[in-house]
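See below for work00.txt, which holds compact mmCIF, C-alpha atoms and all ligand atoms.
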```txt
# COMPACT_ATOMS: atom_id res chain seq x y z
CA MET A 1 7.33 8.30 9.30
CA ALA A 2 4.13 6.28 8.90
CA LEU A 3 4.13 2.50 9.45
CA LEU A 4 2.81 1.89 5.92
CA GLU A 5 3.54 4.29 3.09
CA VAL A 6 1.90 3.75 -0.29
CA GLU A 7 3.12 6.28 -2.80
CA ARG A 8 1.55 6.98 -6.20
CA LEU A 9 0.84 3.30 -6.78
CA SER A 10 -0.41 2.22 -10.19
CA VAL A 11 -1.54 -1.32 -11.01
CA ASN A 12 -2.73 -2.69 -14.33
CA TYR A 13 -4.51 -5.93 -15.19
CA GLY A 14 -3.30 -6.39 -18.75
CA ALA A 15 -4.24 -3.19 -20.52
CA ILE A 16 -6.77 -2.17 -17.85
CA ALA A 17 -5.65 0.36 -15.23
CA ALA A 18 -7.03 -0.75 -11.85
CA LEU A 19 -5.10 1.80 -9.72
CA GLU A 20 -3.68 5.10 -10.86
CA GLY A 21 -1.40 7.00 -8.52
CA VAL A 22 -2.87 5.83 -5.23
CA SER A 23 -1.13 7.28 -2.16
CA LEU A 24 -2.10 6.41 1.38
CA GLU A 25 -0.57 5.97 4.81
CA VAL A 26 -1.30 4.02 7.96
CA GLU A 27 0.31 5.24 11.17
CA ALA A 28 1.25 2.77 13.91
CA GLY A 29 -1.86 1.98 15.92
CA GLU A 30 -4.32 3.49 13.45
CA LEU A 31 -7.49 1.93 12.10
CA VAL A 32 -7.86 3.24 8.56
CA THR A 33 -10.71 2.42 6.19
CA LEU A 34 -10.62 2.26 2.44
CA ILE A 35 -14.07 2.57 0.91
CA GLY A 36 -15.48 2.90 -2.59
CA ALA A 37 -17.92 1.41 -5.07
CA ASN A 38 -17.56 -2.08 -6.55
CA GLY A 39 -14.53 -2.25 -8.78
CA ALA A 40 -12.98 0.96 -7.40
CA GLY A 41 -9.74 -0.90 -6.69
CA LYS A 42 -9.93 -1.63 -2.97
CA SER A 43 -8.92 -5.31 -3.11
CA THR A 44 -6.26 -4.50 -5.67
CA THR A 45 -4.72 -2.00 -3.23
CA LEU A 46 -4.50 -4.64 -0.49
CA ARG A 47 -3.14 -7.25 -2.90
CA ALA A 48 -0.43 -4.87 -4.06
CA ILE A 49 0.59 -4.11 -0.46
CA SER A 50 0.94 -7.79 0.38
CA ARG A 51 2.85 -8.32 -2.88
CA LEU A 52 0.32 -10.70 -4.39
CA LEU A 53 0.53 -8.57 -7.49
CA ARG A 54 3.17 -6.37 -8.98
CA PRO A 55 2.52 -2.66 -9.39
CA LEU A 56 3.35 -0.88 -12.61
CA ARG A 57 4.77 2.11 -10.74
CA GLY A 58 4.91 3.61 -7.30
CA GLY A 59 6.45 3.15 -3.88
CA LEU A 60 5.59 0.80 -1.03
CA ARG A 61 7.32 1.03 2.33
CA PHE A 62 6.65 -0.64 5.66
CA GLY A 63 8.47 0.54 8.78
CA GLY A 64 10.76 2.40 6.40
CA GLN A 65 11.64 -0.75 4.45
CA ASN A 66 11.01 -0.99 0.73
CA LEU A 67 8.52 -3.79 0.03
CA LEU A 68 8.93 -3.76 -3.74
CA GLY A 69 10.90 -6.76 -4.85
CA LEU A 70 10.02 -8.83 -1.78
CA PRO A 71 8.00 -12.07 -2.13
CA PRO A 72 4.69 -12.30 -0.19
CA ASP A 73 6.10 -14.55 2.55
CA ARG A 74 8.79 -11.98 3.37
CA VAL A 75 6.04 -9.38 3.68
CA VAL A 76 4.24 -11.63 6.20
CA GLY A 77 7.54 -12.06 8.04
CA LEU A 78 7.90 -8.28 8.29
CA GLY A 79 4.54 -8.08 10.03
CA ILE A 80 1.79 -7.62 7.43
CA ALA A 81 -1.08 -10.13 7.50
CA HIS A 82 -3.71 -10.17 4.76
CA CYS A 83 -7.17 -11.47 5.48
CA PRO A 84 -8.66 -11.80 1.98
CA GLU A 85 -12.22 -11.29 0.79
CA GLY A 86 -14.09 -14.58 0.78
CA ARG A 87 -12.19 -15.74 3.90
CA GLN A 88 -10.41 -18.70 2.28
CA VAL A 89 -10.64 -20.92 5.31
CA LEU A 90 -9.42 -24.46 4.61
CA SER A 91 -12.64 -26.44 4.76
CA ARG A 92 -11.11 -29.91 5.28
CA MET A 93 -8.84 -28.80 8.07
CA ASN A 94 -10.07 -28.28 11.61
CA VAL A 95 -10.22 -24.87 13.26
CA GLU A 96 -7.06 -25.32 15.30
CA ASP A 97 -5.00 -26.50 12.33
CA ASN A 98 -6.30 -23.55 10.31
CA LEU A 99 -5.05 -21.30 13.11
CA ARG A 100 -1.66 -23.01 13.27
CA LEU A 101 -1.31 -22.43 9.55
CA GLY A 102 -1.30 -18.69 10.28
CA ALA A 103 1.86 -19.20 12.32
CA TYR A 104 3.71 -21.25 9.69
CA LEU A 105 6.57 -18.79 9.39
CA ARG A 106 7.15 -18.51 13.13
CA ARG A 107 9.97 -20.29 14.88
CA ASP A 108 9.36 -18.97 18.40
CA LYS A 109 7.86 -20.90 21.30
CA GLU A 110 4.83 -18.69 21.85
CA VAL A 111 2.51 -20.15 19.24
CA ALA A 112 0.52 -22.04 21.89
CA ALA A 113 0.11 -18.86 23.95
CA ASP A 114 -1.11 -17.03 20.86
CA LEU A 115 -3.61 -19.81 20.10
CA GLU A 116 -4.98 -19.24 23.59
CA ARG A 117 -5.14 -15.49 22.91
CA GLN A 118 -7.23 -16.09 19.79
CA TYR A 119 -9.58 -18.36 21.71
CA GLN A 120 -10.06 -15.62 24.31
CA LEU A 121 -10.84 -13.12 21.58
CA PHE A 122 -13.10 -15.57 19.69
CA PRO A 123 -14.67 -17.97 22.25
CA ARG A 124 -16.75 -19.65 19.51
CA LEU A 125 -13.56 -20.81 17.87
CA ARG A 126 -12.49 -22.52 21.07
CA GLU A 127 -15.82 -24.36 21.23
CA ARG A 128 -15.37 -25.44 17.63
CA ARG A 129 -11.64 -26.06 17.60
CA ARG A 130 -11.91 -29.70 16.46
CA GLN A 131 -14.55 -28.95 13.81
CA LEU A 132 -13.65 -28.81 10.14
CA GLY A 133 -13.43 -25.29 8.76
CA GLY A 134 -16.04 -26.06 6.13
CA THR A 135 -18.69 -26.85 8.76
CA LEU A 136 -18.54 -23.37 10.33
CA SER A 137 -21.11 -20.66 9.66
CA GLY A 138 -20.09 -17.70 7.49
CA GLY A 139 -19.54 -15.51 10.55
CA GLU A 140 -17.43 -18.15 12.26
CA GLN A 141 -15.35 -18.59 9.11
CA GLN A 142 -14.74 -14.85 9.05
CA MET A 143 -13.66 -14.98 12.69
CA LEU A 144 -11.35 -17.88 11.88
CA ALA A 145 -9.84 -15.97 8.95
CA ILE A 146 -9.11 -12.97 11.19
CA ALA A 147 -7.76 -15.14 14.01
CA ARG A 148 -5.55 -17.03 11.54
CA ALA A 149 -4.15 -13.73 10.25
CA LEU A 150 -3.44 -12.68 13.85
CA MET A 151 -1.44 -15.89 14.40
CA SER A 152 1.40 -14.35 12.39
CA ARG A 153 1.61 -11.61 15.06
CA PRO A 154 1.10 -8.81 12.55
CA LYS A 155 1.92 -5.18 13.14
CA LEU A 156 -0.53 -4.40 10.34
CA LEU A 157 -3.68 -6.31 9.49
CA LEU A 158 -5.13 -5.93 5.98
CA LEU A 159 -8.80 -6.85 6.11
CA ASP A 160 -10.86 -7.22 2.96
CA GLU A 161 -14.62 -6.87 3.48
CA PRO A 162 -15.03 -8.76 6.75
CA SER A 163 -18.78 -8.03 6.82
CA LEU A 164 -19.53 -9.45 3.37
CA GLY A 165 -22.66 -11.61 3.39
CA LEU A 166 -23.01 -11.68 7.18
CA ALA A 167 -26.05 -10.93 9.35
CA PRO A 168 -26.04 -7.53 11.13
CA LEU A 169 -25.56 -9.04 14.59
CA ILE A 170 -22.48 -10.97 13.48
CA VAL A 171 -21.13 -7.89 11.69
CA ARG A 172 -21.41 -5.99 14.97
CA GLU A 173 -19.60 -8.76 16.80
CA ILE A 174 -16.78 -8.66 14.26
CA PHE A 175 -16.48 -4.88 14.43
CA ASP A 176 -16.37 -5.06 18.24
CA ILE A 177 -13.43 -7.43 17.90
CA LEU A 178 -11.72 -5.04 15.47
CA ALA A 179 -12.22 -2.26 18.03
CA GLU A 180 -10.60 -4.47 20.66
CA LEU A 181 -7.63 -5.19 18.36
CA HIS A 182 -7.36 -1.45 17.70
CA ARG A 183 -7.28 -0.84 21.47
CA GLN A 184 -4.51 -3.43 21.75
CA GLY A 185 -2.50 -1.36 19.27
CA VAL A 186 -2.75 -3.48 16.11
CA SER A 187 -2.71 -1.22 13.03
CA ILE A 188 -5.53 -2.07 10.63
CA LEU A 189 -6.25 -1.20 7.01
CA LEU A 190 -9.87 -2.13 6.46
CA VAL A 191 -11.69 -2.43 3.14
CA GLU A 192 -15.44 -2.22 3.63
CA GLN A 193 -18.63 -1.94 1.59
CA ASN A 194 -20.50 -0.80 4.66
CA ALA A 195 -19.11 2.74 4.56
CA GLN A 196 -21.06 4.24 7.45
CA LEU A 197 -20.15 1.46 9.84
CA ALA A 198 -16.51 1.49 8.78
CA MET A 199 -16.23 5.25 9.13
CA ARG A 200 -17.89 5.20 12.54
CA ARG A 201 -15.29 2.75 13.80
CA SER A 202 -12.11 4.08 12.14
CA ASP A 203 -9.69 6.95 12.70
CA ARG A 204 -9.27 7.95 9.07
CA THR A 205 -10.87 7.12 5.74
CA TYR A 206 -9.75 7.07 2.13
CA VAL A 207 -12.40 7.05 -0.59
CA LEU A 208 -11.39 5.33 -3.82
CA GLU A 209 -13.14 5.99 -7.07
CA ALA A 210 -12.20 4.27 -10.32
CA GLY A 211 -8.66 3.56 -9.17
CA ARG A 212 -7.90 6.99 -7.69
CA ILE A 213 -8.17 8.47 -4.22
CA LEU A 214 -11.08 10.87 -4.38
CA LEU A 215 -11.13 12.01 -0.75
CA SER A 216 -9.36 11.35 2.50
CA GLY A 217 -9.52 12.66 6.03
CA ARG A 218 -10.62 12.03 9.59
CA SER A 219 -13.54 9.58 9.47
CA SER A 220 -15.58 11.78 11.83
CA GLU A 221 -15.27 14.66 9.36
CA LEU A 222 -15.99 12.63 6.21
CA MET A 223 -19.07 10.90 7.61
CA GLY A 224 -21.40 13.74 6.68
CA ASP A 225 -19.67 14.59 3.41
CA PRO A 226 -22.05 14.21 0.43
CA ARG A 227 -19.11 13.43 -1.86
CA VAL A 228 -18.66 10.10 -0.04
CA GLN A 229 -22.14 9.00 -1.03
CA GLN A 230 -21.61 10.28 -4.55
CA ALA A 231 -18.50 8.13 -4.89
CA TYR A 232 -20.54 5.15 -3.79
CA LEU A 233 -23.21 5.77 -6.35
CA GLY A 234 -20.50 6.18 -8.94
CA THR A 235 -21.53 9.76 -9.72
CA GLY A 236 -18.63 11.60 -8.06
CA ALA A 237 -16.14 13.57 -10.14
CA ALA A 238 -13.10 11.47 -11.07
P1 LIG B 301 -15.16 -5.18 -5.04
O1 LIG B 301 -15.79 -4.45 -3.95
O2 LIG B 301 -16.12 -5.55 -6.14
O3 LIG B 301 -14.25 -6.31 -4.62
P2 LIG B 301 -12.80 -3.53 -5.43
O4 LIG B 301 -12.92 -2.08 -5.13
O5 LIG B 301 -12.13 -4.37 -4.44
O6 LIG B 301 -14.23 -4.09 -5.78
P3 LIG B 301 -10.93 -4.59 -7.31
O7 LIG B 301 -11.34 -6.00 -7.08
O8 LIG B 301 -9.66 -4.12 -6.76
O9 LIG B 301 -12.08 -3.61 -6.83
O10 LIG B 301 -10.97 -4.34 -8.89
C1 LIG B 301 -10.53 -3.12 -9.51
C2 LIG B 301 -10.71 -3.23 -11.02
O11 LIG B 301 -9.82 -4.21 -11.55
C3 LIG B 301 -12.11 -3.64 -11.45
O12 LIG B 301 -12.41 -2.95 -12.63
C4 LIG B 301 -11.98 -5.12 -11.70
O13 LIG B 301 -12.90 -5.55 -12.67
C5 LIG B 301 -10.56 -5.25 -12.22
N1 LIG B 301 -9.95 -6.54 -11.84
C6 LIG B 301 -9.82 -7.04 -10.59
N2 LIG B 301 -9.16 -8.23 -10.61
C7 LIG B 301 -8.87 -8.47 -11.90
C8 LIG B 301 -8.21 -9.54 -12.60
N3 LIG B 301 -7.69 -10.58 -11.94
N4 LIG B 301 -8.12 -9.44 -13.95
C9 LIG B 301 -8.62 -8.38 -14.63
N5 LIG B 301 -9.24 -7.35 -14.05
C10 LIG B 301 -9.39 -7.39 -12.70
```
Now, as a test, write the supplied structure out as structure tokens.
Ligand code: ATP
Amino acid sequence: MALLEVERLSVNYGAIAALEGVSLEVEAGELVTLIGANGAGKSTTLRAISRLLRPLRGGLRFGGQNLLGLPPDRVVGLGIAHCPEGRQVLSRMNVEDNLRLGAYLRRDKEVAADLERQYQLFPRLRERRRQLGGTLSGGEQQMLAIARALMSRPKLLLLDEPSLGLAPLIVREIFDILAELHRQGVSILLVEQNAQLAMRRSDRTYVLEAGRILLSGRSSELMGDPRVQQAYLGTGAA
């Protein structure tokens, strides 16, 4: 049984079908990428998994438990953390308080130890821990958003376009951190515009086109597949 099982999921925005019968799985410890052109439905898939929107049909299970019907905070409590596109760091709160916010559902005594763990993973955040979120660079805000998501001690991290708008060097730094998290055994479902980079760093890839899964397989095998590029250019067969 996979850690995350998405089965024939369909989501509509009003009369518009955003996802139609999307099935995908993430095994424990896997780094899986979801790629596709703008508007293919990548963010919608992540938002449905974290219960920020209600699917029309389909199944959603995590660790064997049915997620449908659960509110988003219960989903976080089960071990799914969503790091949304656009980062959504609280600009008037300092870095450390932003991080503590990620642990708001936790009642254990290890929050301080986990703060320290994030600072080891992201040394720049330690240097800036008293700075307001809004004063950080785009790359630092992305790091903060990931670190904040990790503060809930997720089994599965949903990451929406972590490289968006960032300089290549920072993107590399962020992907190195994702590789480290992967090594530590965190399961990751990554949405990325930068398909080549994402495929190079992930175990498996799903290609979405116009709300449907067009292709899926080992990333190493899909990297040279011309249909991946076609999907990106929006010319692949639906
Ligand atoms: P991007 O890379 O541009 O974020 P995406 O693959 O993440 O694209 P989604 O944001 O999931 O795509 O959008 C899928 C489809 O649903 C698109 O056609 C989009 O216009 C539409 N859509 C997304 N959010 C809404 C909304 N709140 N209301 C209506 N339509 C929406």
_as a list of chain:residue names, please: the residues near Glu85 of chain A (cut-off 10 Å, all atoms listed in the file, same-chain neighbours under 5 positions excluded)._
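Returned residues: A:Ser43, A:Gln142, A:Ala145, A:Leu159, A:Asp160, A:Glu161, A:Pro162, A:Ser163, A:Leu164, A:Val191.
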Can you write out the residues you just picked, keeping C-alpha atoms, as an mmCIF file, in the coordinates of the input?
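And here is the file that came out, out.cif:
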```cif
data_model
loop_
_atom_site.group_PDB
_atom_site.id
_atom_site.type_symbol
_atom_site.label_atom_id
_atom_site.label_comp_id
_atom_site.auth_asym_id
_atom_site.auth_seq_id
_atom_site.Cartn_x
_atom_site.Cartn_y
_atom_site.Cartn_z
ATOM 1 C CA SER A 43 -8.920 -5.310 -3.110
ATOM 2 C CA GLN A 142 -14.740 -14.850 9.050
ATOM 3 C CA ALA A 145 -9.840 -15.970 8.950
ATOM 4 C CA LEU A 159 -8.800 -6.850 6.110
ATOM 5 C CA ASP A 160 -10.860 -7.220 2.960
ATOM 6 C CA GLU A 161 -14.620 -6.870 3.480
ATOM 7 C CA PRO A 162 -15.030 -8.760 6.750
ATOM 8 C CA SER A 163 -18.780 -8.030 6.820
ATOM 9 C CA LEU A 164 -19.530 -9.450 3.370
ATOM 10 C CA VAL A 191 -11.690 -2.430 3.140
#
```
Counting only C-alpha atoms and all ligand atoms, give me one row per residue of chain A with an atom at most 8 Å from an atom of ligand LIG 301 (chain B), showing the shortest contact pair and its distance in Å to one decimal, sorted by chain then residue number, as a tab-separated table.
```
residue	atom	partner	partner_atom	distance
A:Asn12	CA	B:LIG301	O11	7.8
A:Tyr13	CA	B:LIG301	C9	4.8
A:Gly14	CA	B:LIG301	C9	7.0
A:Ile16	CA	B:LIG301	N5	6.9
A:Ala17	CA	B:LIG301	O11	7.2
A:Ala18	CA	B:LIG301	O11	4.5
A:Leu19	CA	B:LIG301	C1	7.3
A:Ile35	CA	B:LIG301	O4	7.7
A:Gly36	CA	B:LIG301	O4	6.1
A:Ala37	CA	B:LIG301	O4	6.1
A:Asn38	CA	B:LIG301	O2	3.8
A:Gly39	CA	B:LIG301	O9	3.4
A:Ala40	CA	B:LIG301	O4	3.8
A:Gly41	CA	B:LIG301	O8	3.2
A:Lys42	CA	B:LIG301	O4	3.7
A:Ser43	CA	B:LIG301	O5	3.6
A:Thr44	CA	B:LIG301	O8	3.6
A:Thr45	CA	B:LIG301	O8	6.4
A:Glu85	CA	B:LIG301	O3	7.6
A:Glu161	CA	B:LIG301	O1	7.9
A:Val191	CA	B:LIG301	O5	7.8
A:Glu192	CA	B:LIG301	O1	7.9
A:Gln193	CA	B:LIG301	O1	6.7
A:Leu208	CA	B:LIG301	O4	7.7
A:Ala210	CA	B:LIG301	O12	7.6
A:Gly211	CA	B:LIG301	C1	6.9
```
*Counting all atoms listed in the file, which of A:Arg100, A:Arg47, A:Arg148, A:Arg107 gets nearest to Gln88 of chain A?*
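The shortest atom-to-atom distance to Gln88 of chain A comes from A:Arg148.
Across A:Thr33, A:Ser152, A:Ser50, A:Ser137, the tightest approach to Ala195 of chain A is made by A:Thr33 when counting only C-alpha atoms.
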*Among the residues A:Gln118, A:Gln141, A:Asn66, A:Gln229, the one that comes closest to Gln196 of chain A [using all atoms listed in the file]*: A:Gln229
For Gly58 of chain A, please output as a PDB file with C-alpha atoms, keeping the file's coordinate frame all residues within 7 Å (counting all atoms listed in the file; exclusion window: fewer than 3 positions along the same chain).
```pdb
ATOM      1  CA  GLU A   7       3.120   6.280  -2.800  1.00  0.00           C
ATOM      2  CA  ARG A   8       1.550   6.980  -6.200  1.00  0.00           C
ATOM      3  CA  LEU A   9       0.840   3.300  -6.780  1.00  0.00           C
ATOM      4  CA  SER A  10      -0.410   2.220 -10.190  1.00  0.00           C
TER       5      SER A  10
END
```
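Using all atoms listed in the file for every distance, the candidate list A:Phe62, A:Tyr206, A:Tyr104, A:Tyr119 yields A:Tyr206 as the residue closest to Leu24 of chain A.
Taking only C-alpha atoms into account, Val186 of chain A lies nearest to A:Arg153 out of the set A:Arg124, A:Arg204, A:Arg218, A:Arg153.
Here atom CA of Leu60 of chain A is placed at a distance of 20.8 Å from atom CA of Ala149 of chain A.
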